[in-house]
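See below for model_20.cif, which holds mmCIF, C-alpha atoms and all ligand atoms.
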```
data_upload
loop_
_atom_site.label_atom_id
_atom_site.label_comp_id
_atom_site.auth_asym_id
_atom_site.auth_seq_id
_atom_site.Cartn_x
_atom_site.Cartn_y
_atom_site.Cartn_z
CA MET A 95 -3.71 -9.29 -15.01
CA ARG A 96 -6.26 -8.02 -17.55
CA ARG A 97 -9.79 -7.18 -16.37
CA PHE A 98 -12.99 -8.40 -17.98
CA ALA A 99 -16.67 -7.66 -18.15
CA LEU A 100 -18.88 -9.62 -15.77
CA THR A 101 -21.77 -7.67 -14.39
CA SER A 102 -23.84 -9.88 -12.08
CA LEU A 103 -24.45 -13.32 -10.58
CA ARG A 104 -26.23 -14.37 -13.75
CA ASP A 105 -22.93 -14.13 -15.61
CA PHE A 106 -21.70 -17.05 -13.51
CA GLY A 107 -24.51 -19.13 -15.07
CA MET A 108 -26.13 -19.89 -11.73
CA GLY A 109 -29.30 -18.86 -9.87
CA LYS A 110 -29.27 -17.56 -6.30
CA GLN A 111 -30.81 -20.68 -4.84
CA GLN A 112 -28.32 -22.99 -6.56
CA MET A 113 -25.52 -20.82 -5.24
CA GLU A 114 -26.93 -20.94 -1.73
CA GLU A 115 -26.97 -24.76 -1.89
CA LYS A 116 -23.32 -24.85 -2.99
CA ILE A 117 -22.32 -22.59 -0.11
CA ILE A 118 -24.23 -24.67 2.44
CA GLU A 119 -22.70 -27.87 1.06
CA GLU A 120 -19.20 -26.45 1.57
CA LEU A 121 -20.05 -25.29 5.09
CA HIS A 122 -20.35 -28.89 6.26
CA TYR A 123 -16.74 -29.61 5.29
CA VAL A 124 -15.33 -26.58 7.07
CA THR A 125 -17.44 -27.21 10.17
CA ASP A 126 -16.05 -30.77 10.35
CA LEU A 127 -12.54 -29.39 9.96
CA PHE A 128 -13.03 -26.90 12.83
CA GLU A 129 -14.66 -29.63 14.92
CA ASN A 130 -11.56 -31.80 14.56
CA PHE A 131 -9.54 -29.30 16.63
CA LYS A 132 -11.82 -30.08 19.61
CA GLY A 133 -11.68 -26.54 20.99
CA LYS A 134 -7.85 -26.36 20.89
CA PRO A 135 -6.22 -23.24 19.37
CA PHE A 136 -5.63 -23.33 15.62
CA ASP A 137 -5.14 -21.02 12.65
CA ILE A 138 -8.51 -20.75 10.85
CA THR A 139 -6.94 -19.41 7.63
CA LYS A 140 -6.53 -22.67 5.72
CA GLY A 141 -10.05 -23.95 6.40
CA LEU A 142 -11.64 -20.67 5.33
CA THR A 143 -9.43 -20.23 2.27
CA TYR A 144 -9.99 -23.80 1.05
CA SER A 145 -13.74 -23.52 1.53
CA MET A 146 -14.00 -20.20 -0.32
CA SER A 147 -11.82 -21.56 -3.14
CA ASN A 148 -14.03 -24.59 -3.34
CA ILE A 149 -17.23 -22.57 -3.64
CA ILE A 150 -15.82 -20.57 -6.53
CA SER A 151 -14.34 -23.78 -8.03
CA SER A 152 -17.66 -25.57 -7.98
CA ILE A 153 -19.28 -22.59 -9.67
CA ILE A 154 -16.56 -22.33 -12.31
CA PHE A 155 -15.67 -25.97 -12.91
CA GLY A 156 -18.83 -27.68 -11.67
CA SER A 157 -17.19 -29.64 -8.85
CA ARG A 158 -15.34 -29.11 -5.58
CA PHE A 159 -11.94 -30.48 -4.57
CA ASP A 160 -10.94 -32.50 -1.55
CA TYR A 161 -9.00 -30.30 0.91
CA THR A 162 -6.15 -32.84 0.78
CA ASP A 163 -5.91 -32.84 -3.07
CA PRO A 164 -2.31 -31.69 -3.82
CA GLN A 165 -3.34 -30.09 -7.14
CA PHE A 166 -5.99 -28.01 -5.35
CA GLN A 167 -3.60 -27.07 -2.53
CA GLU A 168 -1.04 -25.95 -5.10
CA MET A 169 -3.62 -23.86 -6.97
CA VAL A 170 -4.74 -22.10 -3.78
CA LYS A 171 -1.13 -21.53 -2.75
CA THR A 172 -0.22 -19.96 -6.11
CA SER A 173 -3.30 -17.81 -6.06
CA ASN A 174 -2.49 -16.58 -2.49
CA ARG A 175 1.03 -15.83 -3.62
CA SER A 176 -0.21 -13.76 -6.57
CA THR A 177 -2.45 -11.73 -4.23
CA LEU A 178 0.45 -11.13 -1.84
CA LEU A 179 2.78 -10.08 -4.65
CA LEU A 180 0.14 -7.80 -6.20
CA GLY A 181 0.30 -5.75 -2.99
CA SER A 182 4.09 -5.89 -2.61
CA PRO A 183 6.10 -2.62 -2.64
CA GLY A 184 7.98 -3.74 -5.77
CA VAL A 185 4.79 -4.23 -7.79
CA GLN A 186 3.28 -0.98 -6.49
CA LEU A 187 6.45 0.88 -7.50
CA TYR A 188 6.46 -0.87 -10.87
CA ASN A 189 2.89 0.39 -11.44
CA ALA A 190 4.16 3.93 -10.88
CA PHE A 191 7.42 3.53 -12.85
CA PRO A 192 6.89 0.73 -15.41
CA SER A 193 10.04 1.61 -17.36
CA LEU A 194 12.09 0.38 -14.37
CA SER A 195 10.58 -3.12 -14.52
CA TRP A 196 13.99 -4.77 -14.44
CA VAL A 197 14.71 -3.30 -10.98
CA PHE A 198 11.73 -4.85 -9.25
CA LYS A 199 12.09 -8.56 -8.55
CA ASP A 200 8.59 -8.73 -7.02
CA ARG A 201 7.16 -7.98 -10.43
CA GLU A 202 9.11 -10.85 -12.02
CA ASP A 203 7.91 -13.16 -9.24
CA LEU A 204 4.35 -11.99 -9.81
CA MET A 205 4.55 -12.76 -13.53
CA GLU A 206 5.92 -16.22 -12.71
CA SER A 207 3.12 -16.78 -10.22
CA PHE A 208 0.50 -15.71 -12.83
CA ARG A 209 2.05 -18.06 -15.40
CA CYS A 210 1.80 -20.87 -12.89
CA ASN A 211 -1.86 -19.97 -12.12
CA LEU A 212 -2.71 -19.91 -15.82
CA PHE A 213 -0.99 -23.25 -16.42
CA GLN A 214 -2.95 -24.93 -13.61
CA ILE A 215 -6.23 -23.46 -14.82
CA LYS A 216 -5.56 -24.32 -18.47
CA ARG A 217 -5.13 -27.96 -17.42
CA LEU A 218 -8.52 -27.95 -15.66
CA ILE A 219 -10.26 -26.23 -18.58
CA SER A 220 -8.77 -28.76 -21.03
CA LYS A 221 -10.19 -31.62 -18.97
CA LEU A 222 -13.63 -29.99 -19.06
CA GLN A 223 -13.34 -29.44 -22.82
CA GLU A 224 -12.61 -33.17 -23.33
CA THR A 225 -15.80 -34.20 -21.52
CA PHE A 226 -17.96 -31.23 -22.60
CA ASN A 227 -21.64 -31.93 -23.26
CA ALA A 228 -23.78 -28.90 -24.07
CA GLU A 229 -26.84 -30.69 -22.62
CA ASP A 230 -25.21 -31.09 -19.23
CA ARG A 231 -23.85 -27.71 -18.11
CA ARG A 232 -21.55 -28.13 -15.13
CA GLY A 233 -20.50 -24.56 -14.42
CA PHE A 234 -19.19 -21.22 -15.71
CA VAL A 235 -16.64 -22.84 -18.07
CA ASP A 236 -19.36 -24.91 -19.75
CA SER A 237 -21.61 -21.82 -20.06
CA PHE A 238 -18.76 -20.06 -21.82
CA LEU A 239 -18.17 -23.05 -24.14
CA ILE A 240 -21.89 -23.21 -24.94
CA GLN A 241 -21.80 -19.56 -25.99
CA GLN A 242 -18.82 -20.27 -28.21
CA GLN A 243 -20.63 -23.23 -29.75
CA LYS A 244 -23.89 -21.35 -30.35
CA ILE A 245 -22.26 -18.84 -32.61
CA PRO A 246 -18.93 -20.22 -33.80
CA SER A 247 -17.81 -16.74 -34.88
CA GLN A 248 -17.96 -15.77 -31.17
CA ARG A 249 -14.76 -17.78 -30.68
CA ASN A 250 -12.96 -14.83 -32.21
CA SER A 251 -15.29 -12.12 -30.91
CA ALA A 252 -14.38 -9.50 -28.34
CA HIS A 253 -15.74 -11.64 -25.45
CA TYR A 254 -15.96 -15.33 -26.20
CA HIS A 255 -12.42 -16.22 -27.21
CA ASN A 256 -10.29 -18.79 -25.38
CA GLU A 257 -7.93 -16.30 -23.84
CA ASN A 258 -10.82 -14.48 -22.21
CA LEU A 259 -12.09 -17.78 -20.82
CA LEU A 260 -8.69 -18.44 -19.26
CA ILE A 261 -8.25 -14.93 -17.86
CA SER A 262 -11.86 -14.79 -16.60
CA VAL A 263 -11.46 -18.07 -14.71
CA ALA A 264 -8.11 -16.98 -13.25
CA ASN A 265 -9.59 -13.62 -12.18
CA LEU A 266 -12.62 -15.23 -10.59
CA PHE A 267 -10.48 -17.73 -8.71
CA LEU A 268 -8.14 -15.00 -7.48
CA ALA A 269 -10.82 -12.43 -6.67
CA GLY A 270 -13.28 -14.90 -5.17
CA THR A 271 -11.04 -16.62 -2.64
CA ASP A 272 -8.92 -14.38 -0.41
CA THR A 273 -11.48 -11.56 -0.26
CA THR A 274 -14.24 -13.53 1.46
CA ALA A 275 -11.86 -15.77 3.44
CA THR A 276 -10.03 -12.73 4.82
CA THR A 277 -13.28 -10.96 5.73
CA LEU A 278 -14.41 -14.04 7.66
CA ARG A 279 -11.05 -14.21 9.42
CA TRP A 280 -11.56 -10.62 10.54
CA GLY A 281 -15.11 -11.44 11.58
CA LEU A 282 -14.19 -14.37 13.81
CA LEU A 283 -11.23 -12.49 15.27
CA LEU A 284 -13.52 -9.57 16.15
CA MET A 285 -16.02 -11.97 17.75
CA ALA A 286 -13.24 -13.41 19.94
CA LYS A 287 -12.10 -9.90 20.84
CA TYR A 288 -15.58 -8.61 21.65
CA PRO A 289 -17.37 -11.48 23.46
CA ASP A 290 -20.36 -9.28 24.39
CA ILE A 291 -21.07 -8.67 20.73
CA GLN A 292 -20.62 -12.39 20.02
CA ASP A 293 -23.16 -13.09 22.82
CA ARG A 294 -25.74 -10.80 21.24
CA VAL A 295 -25.28 -12.36 17.79
CA GLN A 296 -25.65 -15.87 19.21
CA GLU A 297 -28.73 -14.90 21.24
CA GLU A 298 -30.39 -13.45 18.16
CA LEU A 299 -29.47 -16.47 16.04
CA ASP A 300 -30.76 -18.93 18.65
CA MET A 301 -33.98 -17.00 19.05
CA VAL A 302 -34.73 -16.61 15.32
CA THR A 303 -33.50 -19.92 13.91
CA GLY A 304 -33.65 -22.25 16.92
CA GLY A 305 -30.42 -23.85 15.69
CA ARG A 306 -31.61 -24.91 12.19
CA GLN A 307 -29.44 -24.10 9.16
CA THR A 308 -29.67 -20.39 8.38
CA ARG A 309 -30.82 -19.37 4.90
CA VAL A 310 -30.30 -16.10 3.07
CA GLU A 311 -33.94 -15.15 3.64
CA ASP A 312 -33.32 -15.16 7.42
CA ARG A 313 -31.21 -12.04 7.09
CA LYS A 314 -34.20 -9.68 7.33
CA ASN A 315 -35.10 -11.19 10.72
CA LEU A 316 -31.54 -10.88 12.07
CA PRO A 317 -30.92 -7.10 12.14
CA TYR A 318 -28.21 -7.18 14.81
CA THR A 319 -26.27 -9.99 13.09
CA ASP A 320 -26.64 -8.19 9.76
CA ALA A 321 -25.30 -4.99 11.32
CA VAL A 322 -22.33 -6.91 12.77
CA ILE A 323 -21.46 -8.41 9.37
CA HIS A 324 -21.62 -4.97 7.72
CA GLU A 325 -19.46 -3.47 10.47
CA ILE A 326 -16.90 -6.29 10.05
CA GLN A 327 -16.65 -5.42 6.35
CA ARG A 328 -16.42 -1.72 7.05
CA LEU A 329 -13.72 -1.92 9.70
CA ALA A 330 -11.77 -4.71 7.95
CA ASN A 331 -11.58 -2.52 4.82
CA ILE A 332 -9.86 -5.40 3.06
CA VAL A 333 -9.31 -3.68 -0.32
CA PRO A 334 -8.23 -0.21 0.87
CA LEU A 335 -6.75 0.90 -2.46
CA ASN A 336 -9.56 -0.58 -4.55
CA ALA A 337 -8.56 -1.66 -8.10
CA LEU A 338 -6.87 0.75 -10.47
CA ASN A 339 -9.30 2.28 -12.95
CA VAL A 340 -8.59 4.35 -16.08
CA THR A 341 -10.79 7.18 -17.40
CA ARG A 342 -12.26 6.36 -20.82
CA SER A 343 -12.89 10.00 -21.67
CA ASP A 344 -12.03 13.44 -20.33
CA VAL A 345 -13.89 13.92 -17.04
CA VAL A 346 -14.62 16.95 -14.88
CA PHE A 347 -14.98 15.85 -11.26
CA ARG A 348 -15.61 18.38 -8.48
CA GLY A 349 -13.95 21.04 -10.53
CA TYR A 350 -10.90 18.94 -11.41
CA HIS A 351 -10.22 18.13 -15.04
CA ILE A 352 -9.08 14.52 -15.45
CA LYS A 353 -7.77 13.60 -18.88
CA LYS A 354 -8.83 10.50 -20.82
CA GLY A 355 -6.45 7.62 -20.02
CA THR A 356 -5.57 8.80 -16.50
CA THR A 357 -5.12 6.06 -13.89
CA VAL A 358 -7.42 6.67 -10.94
CA ILE A 359 -7.13 4.95 -7.56
CA PRO A 360 -10.52 5.43 -5.84
CA LEU A 361 -9.43 4.81 -2.21
CA LEU A 362 -12.09 2.88 -0.36
CA THR A 363 -10.54 3.79 3.01
CA SER A 364 -11.62 7.37 2.37
CA VAL A 365 -15.30 6.38 2.53
CA LEU A 366 -15.21 3.42 4.92
CA TYR A 367 -13.37 5.50 7.55
CA ASP A 368 -14.86 8.90 6.62
CA GLU A 369 -15.09 10.96 9.80
CA SER A 370 -18.04 12.93 8.48
CA GLU A 371 -20.04 9.73 7.78
CA TRP A 372 -19.32 7.40 10.71
CA GLU A 373 -19.84 8.15 14.39
CA THR A 374 -16.75 6.14 15.46
CA PRO A 375 -14.86 5.41 12.22
CA HIS A 376 -11.92 3.58 13.81
CA THR A 377 -13.85 1.50 16.34
CA PHE A 378 -15.84 -1.71 15.88
CA ASN A 379 -19.38 -0.46 16.38
CA PRO A 380 -22.34 -2.44 14.93
CA GLY A 381 -24.50 0.53 15.96
CA HIS A 382 -23.33 2.22 12.75
CA PHE A 383 -25.88 0.02 10.96
CA LEU A 384 -28.77 0.14 13.47
CA ASP A 385 -31.46 2.77 13.98
CA ASP A 386 -32.70 3.71 17.45
CA GLN A 387 -35.34 0.96 17.26
CA GLY A 388 -32.64 -1.69 16.67
CA ARG A 389 -33.61 -2.07 12.99
CA PHE A 390 -30.97 -2.50 10.30
CA ARG A 391 -30.18 0.75 8.48
CA LYS A 392 -28.31 1.07 5.20
CA ARG A 393 -25.46 3.56 4.98
CA ASP A 394 -24.42 5.30 1.75
CA ALA A 395 -20.76 5.27 2.76
CA PHE A 396 -20.71 1.47 3.02
CA LEU A 397 -18.80 0.73 -0.19
CA PRO A 398 -16.45 -2.23 0.41
CA PHE A 399 -17.35 -3.55 -3.08
CA SER A 400 -16.70 -0.15 -4.69
CA ALA A 401 -19.28 1.58 -6.90
CA GLY A 402 -20.10 2.24 -10.54
CA ARG A 403 -19.70 0.13 -13.63
CA ARG A 404 -16.57 -1.66 -12.44
CA ALA A 405 -17.89 -2.44 -8.95
CA CYS A 406 -17.28 -6.00 -7.75
CA PRO A 407 -19.34 -8.44 -9.87
CA GLY A 408 -19.09 -11.00 -7.05
CA GLU A 409 -20.86 -8.78 -4.50
CA SER A 410 -24.11 -10.71 -4.14
CA MET A 411 -22.26 -14.02 -4.03
CA ALA A 412 -19.79 -12.67 -1.45
CA ARG A 413 -22.62 -11.30 0.70
CA MET A 414 -24.31 -14.70 0.62
CA GLU A 415 -21.06 -16.47 1.57
CA LEU A 416 -20.35 -14.07 4.43
CA PHE A 417 -23.86 -14.32 5.83
CA LEU A 418 -24.18 -18.11 5.63
CA PHE A 419 -20.66 -18.84 6.89
CA PHE A 420 -20.68 -16.28 9.68
CA THR A 421 -24.11 -17.25 11.02
CA SER A 422 -23.57 -21.01 10.70
CA LEU A 423 -20.15 -20.95 12.35
CA LEU A 424 -21.46 -18.84 15.22
CA GLN A 425 -24.45 -21.14 15.69
CA LYS A 426 -22.10 -24.07 16.08
CA PHE A 427 -19.01 -22.59 17.81
CA ARG A 428 -17.97 -20.06 20.43
CA PHE A 429 -14.80 -18.30 19.22
CA THR A 430 -12.30 -17.42 21.96
CA PRO A 431 -8.63 -16.43 22.25
CA PRO A 432 -6.25 -19.30 23.10
CA PRO A 433 -5.75 -20.05 26.82
CA GLY A 434 -3.40 -17.50 28.35
CA VAL A 435 -4.29 -14.84 25.75
CA THR A 436 -6.75 -12.13 26.75
CA GLU A 437 -9.26 -10.43 24.45
CA SER A 438 -7.25 -7.23 24.63
CA ASP A 439 -4.11 -9.14 23.54
CA LEU A 440 -5.80 -9.95 20.21
CA ASP A 441 -4.16 -7.61 17.73
CA LEU A 442 -6.26 -5.78 15.12
CA ALA A 443 -3.26 -4.31 13.25
CA PRO A 444 -3.45 -5.51 9.64
CA VAL A 445 -0.66 -7.00 7.56
CA VAL A 446 -0.24 -4.55 4.68
CA GLY A 447 -0.86 -5.87 1.16
CA LEU A 448 -3.33 -5.58 -1.72
CA ILE A 449 -5.77 -7.28 0.66
CA LEU A 450 -5.49 -6.30 4.33
CA ASN A 451 -5.17 -9.49 6.38
CA PRO A 452 -5.24 -9.80 10.16
CA SER A 453 -1.84 -10.48 11.74
CA PRO A 454 -1.18 -14.23 12.19
CA HIS A 455 -3.14 -15.54 15.18
CA LYS A 456 -4.86 -18.62 16.54
CA LEU A 457 -8.39 -18.99 17.91
CA CYS A 458 -10.33 -21.70 19.71
CA ALA A 459 -13.62 -22.88 18.14
CA VAL A 460 -15.48 -24.36 21.11
CA ASN A 461 -18.54 -26.45 20.23
CA ARG A 462 -21.66 -24.80 21.75
CA ALA A 463 -23.69 -28.01 21.89
C1 LIG A 501 -15.79 -9.64 0.77
C2 LIG A 501 -15.61 -9.98 -0.47
C3 LIG A 501 -15.24 -9.08 -1.60
C4 LIG A 501 -14.87 -7.75 -1.62
C5 LIG A 501 -14.75 -6.81 -0.44
C6 LIG A 501 -14.61 -7.41 -3.01
C7 LIG A 501 -14.24 -6.15 -3.43
C8 LIG A 501 -13.91 -5.85 -4.75
C9 LIG A 501 -13.46 -4.54 -5.19
C10 LIG A 501 -13.29 -3.33 -4.29
C11 LIG A 501 -13.23 -4.63 -6.51
C12 LIG A 501 -12.74 -3.51 -7.43
C13 LIG A 501 -13.90 -2.75 -7.99
C14 LIG A 501 -13.52 -1.53 -8.83
O1 LIG A 501 -12.58 -1.61 -9.62
O2 LIG A 501 -14.17 -0.49 -8.70
C15 LIG A 501 -13.53 -6.00 -6.92
C16 LIG A 501 -13.40 -6.46 -8.21
C17 LIG A 501 -13.68 -7.75 -8.58
N1 LIG A 501 -14.25 -8.75 -7.78
FE1 LIG A 501 -14.66 -8.60 -5.81
N2 LIG A 501 -14.84 -8.51 -3.78
C18 LIG A 501 -15.22 -9.55 -2.97
C19 LIG A 501 -15.56 -10.83 -3.37
C20 LIG A 501 -15.58 -11.28 -4.65
C21 LIG A 501 -16.02 -12.58 -5.09
C22 LIG A 501 -16.58 -13.68 -4.19
C23 LIG A 501 -15.82 -12.64 -6.44
C24 LIG A 501 -16.11 -13.76 -7.41
C25 LIG A 501 -17.13 -14.42 -7.50
C26 LIG A 501 -15.27 -11.38 -6.86
C27 LIG A 501 -14.93 -11.07 -8.15
C28 LIG A 501 -14.39 -9.86 -8.55
C29 LIG A 501 -13.91 -9.61 -9.90
C30 LIG A 501 -13.89 -10.60 -11.04
C31 LIG A 501 -13.47 -8.29 -9.90
C32 LIG A 501 -12.87 -7.51 -11.08
C33 LIG A 501 -13.99 -6.86 -11.85
C34 LIG A 501 -13.52 -6.07 -13.05
O3 LIG A 501 -12.57 -6.50 -13.70
O4 LIG A 501 -14.10 -5.05 -13.35
N3 LIG A 501 -15.15 -10.57 -5.76
N4 LIG A 501 -13.96 -6.70 -5.83
#
```

Can you dump the structure from the file as structure tokens?
Amino acid sequence: MRRFALTSLRDFGMGKQQMEEKIIEELHYVTDLFENFKGKPFDITKGLTYSMSNIISSIIFGSRFDYTDPQFQEMVKTSNRSTLLLGSPGVQLYNAFPSLSWVFKDREDLMESFRCNLFQIKRLISKLQETFNAEDRRGFVDSFLIQQQKIPSQRNSAHYHNENLLISVANLFLAGTDTTATTLRWGLLLMAKYPDIQDRVQEELDMVTGGRQTRVEDRKNLPYTDAVIHEIQRLANIVPLNALNVTRSDVVFRGYHIKKGTTVIPLLTSVLYDESEWETPHTFNPGHFLDDQGRFRKRDAFLPFSAGRRACPGESMARMELFLFFTSLLQKFRFTPPPGVTESDLDLAPVVGLILNPSPHKLCAVNRA
């Protein structure tokens, strides 16, 4: 899928506070969903994926979907499928040997899945175009249409043409769903595996917030929780291969001459697990992000969102989602392995793909009230 040029939250046409409200609104739905399992074991994937899809949907389209809406379920399913196929061996091999495209069925399936994604999204954009009112901006799509309307020639410009609208929405939906949902799955799995760490997070949360809804501004008063969230992202390393980038000019890097047009794969694993940067690179250790006074400390090698001009444009939104979801879910629930499964039975081996997922598992979300 083609890439496009978004650079910050502002490009989504939404302020930080508005975004925080959207995230908190969605939290209530997922909390109810978890509550319905009444502490019995269940797979948390669907709830987290639907909620993350809904946050990005309400930012793009201006409204959320009901979790039982078949059109929404289909869209999330197709988007998951595209992500899976993007990491499949066939597609990886195709990227290396494009002339052999006919050999790799995964690539054909991926193209079909993209077509399906684009069809579903085109239908939603058309509906928004029919009811478009420049005075009442509902989301990213409307912001884009307003730009097109302001300067009609923009419709054919490098950025504001209809195809870019379609591809941008598809990219945002794809990139904004599985990434955060998978990170949260890792986070809750790690909390169930390391109950002592979960205890410390819950103690800090109870002490600082007294059980009220957490807000982004609480982060500075929750250094241990903040360190745990960073360590979850570091160890989960969900995008190990990063995205492919291409040099736009000849580059000399550490004595190597890289020609213009060379495909570069800046492996994020190489920094997130760098033995010269991290005290225990392969172990879950929130201490990586704490100084000896227990204060949060930034680390230069923490680059799960990549770096440079093409770094993830959703970073600040993703960080907000992770913080608000992780803290709110841990305020409300204690996450444990299912009865009969011990903490050490919980497997941290990832399922290999473009995004590294935890192996299928179930957890119990026991209400702490
Ligand atoms: C934990 C969550 C996330 C992680 C770890 C993550 C990580 C990344 C990485 C590593 C890249 C490639 C950067 C590069 O090429 O150097 C990327 C690209 C991208 N991300 Fe994220 N991301 C996350 C969440 C999000 C969210 C929530 C959104 C949407 C709001 C988003 C939108 C995008 C887009 C659109 C791109 C492609 C940018 C381009 O074409 O240059 N991401 N992300």

For the contact check between chain A and ligand LIG 501 (chain A), emit one row per residue of chain A within 6 Å, containing the shortest atom pair and the distance in Å rounded to one decimal, counting all atoms listed in the file, chain then rising number order, as a tab-separated table.
```
residue	atom	partner	partner_atom	distance
A:Arg97	CA	A:LIG501	O3	3.9
A:Phe98	CA	A:LIG501	O3	4.7
A:Asn265	CA	A:LIG501	C30	5.4
A:Leu266	CA	A:LIG501	C30	4.8
A:Ala269	CA	A:LIG501	C27	4.6
A:Gly270	CA	A:LIG501	C21	3.6
A:Thr273	CA	A:LIG501	C2	4.4
A:Thr274	CA	A:LIG501	C1	4.2
A:Thr277	CA	A:LIG501	C1	5.7
A:Val333	CA	A:LIG501	C10	5.6
A:Asn336	CA	A:LIG501	C10	4.6
A:Ala337	CA	A:LIG501	O1	4.3
A:Pro398	CA	A:LIG501	C5	5.0
A:Phe399	CA	A:LIG501	C7	4.1
A:Ser400	CA	A:LIG501	C10	4.7
A:Ala401	CA	A:LIG501	O2	5.8
A:Arg404	CA	A:LIG501	O4	4.3
A:Ala405	CA	A:LIG501	C13	4.1
A:Cys406	CA	A:LIG501	C15	3.8
A:Pro407	CA	A:LIG501	C28	5.3
A:Gly408	CA	A:LIG501	C23	3.7
A:Glu409	CA	A:LIG501	C19	5.8
A:Met411	CA	A:LIG501	C22	5.7
A:Ala412	CA	A:LIG501	C22	4.3
```

**Message:** Applying 12 Å and only C-alpha atoms, which residues near Asn315 (chain A) remain after dropping the ones on its own chain fewer than 2 positions away? List them as an MDAnalysis selection string.
**Reply:** chainID A and resid 298:303 308:313 317:321 388:390

**Request:** One decimal, Å: what's the distance from CA of Val340 (chain A) over to CA of His255 (chain A), could you say?
**Result:**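 Distance between the two atoms: 23.7 Å.
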
Just need the box for region 216-221 of chain A, edges along x, y and z, holding every atom the file lists for it with 6 Å tacked onto each side, so centre and edge lengths in Å to one decimal, as lines of an AutoDock Vina configuration file.
```
center_x = -7.7
center_y = -28.0
center_z = -18.3
size_x = 17.1
size_y = 19.3
size_z = 17.4
```

**Prompt:** Counting all atoms listed in the file, which of A:Leu329, A:Ile215, A:Leu316, A:Met414 gets nearest to Lys116 (chain A)?
**Reply:**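 Answer, going by the shortest atom-to-atom distance: A:Met414.
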
**Nearby residues (all atoms listed in the file) at most 8 Å from Leu212 (chain A), same-chain spacing under 6 positions excluded, as a list of chain:residue names** =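 What passes the distance filter is A:Leu260, A:Ile261, A:Ala264.
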
**Message:** Just the number, please: distance in Å from CA of Gly305 (chain A) to CA of Asn461 (chain A), one decimal.
**Reply:**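 CA of Gly305 (chain A) sits 13.0 Å away from CA of Asn461 (chain A).
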
**Message:** Please list as a PyMOL selection string every residue within 10 Å of Arg328 (chain A), counting only C-alpha atoms and excluding residues in the same chain fewer than 6 positions away.
**Reply:** chain A and resi 277+322+362-363+365-367+375-376+378-380+382+395-398

**Item:** Of the listed residues A:Phe429, A:Tyr188, A:Phe166, A:Phe155, that which approaches Asp236 (chain A) most closely, counting only C-alpha atoms
**Value:**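 The closest residue to Asp236 (chain A) is A:Phe155.
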
**Prompt:** Interatomic distance between CA of Lys244 (chain A) and CA of Gly156 (chain A)?
**Reply:**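 Distance between the two atoms: 20.4 Å.
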
**Asked** So which one's closest to Gln425 (chain A), A:Asn174, A:Thr225, A:Val460, A:Met205? Using all atoms listed in the file, please.
**Response**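 Among the listed residues, A:Val460 lies closest to Gln425 (chain A).
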
**Request:** Give the answer as one residue: which of A:Ile332, A:Ala459, A:Leu418, A:Leu338 has the shortest atom-to-atom distance to Glu119 (chain A), using all atoms listed in the file?
**Result:**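 Under the stated criterion, the closest residue is A:Leu418.
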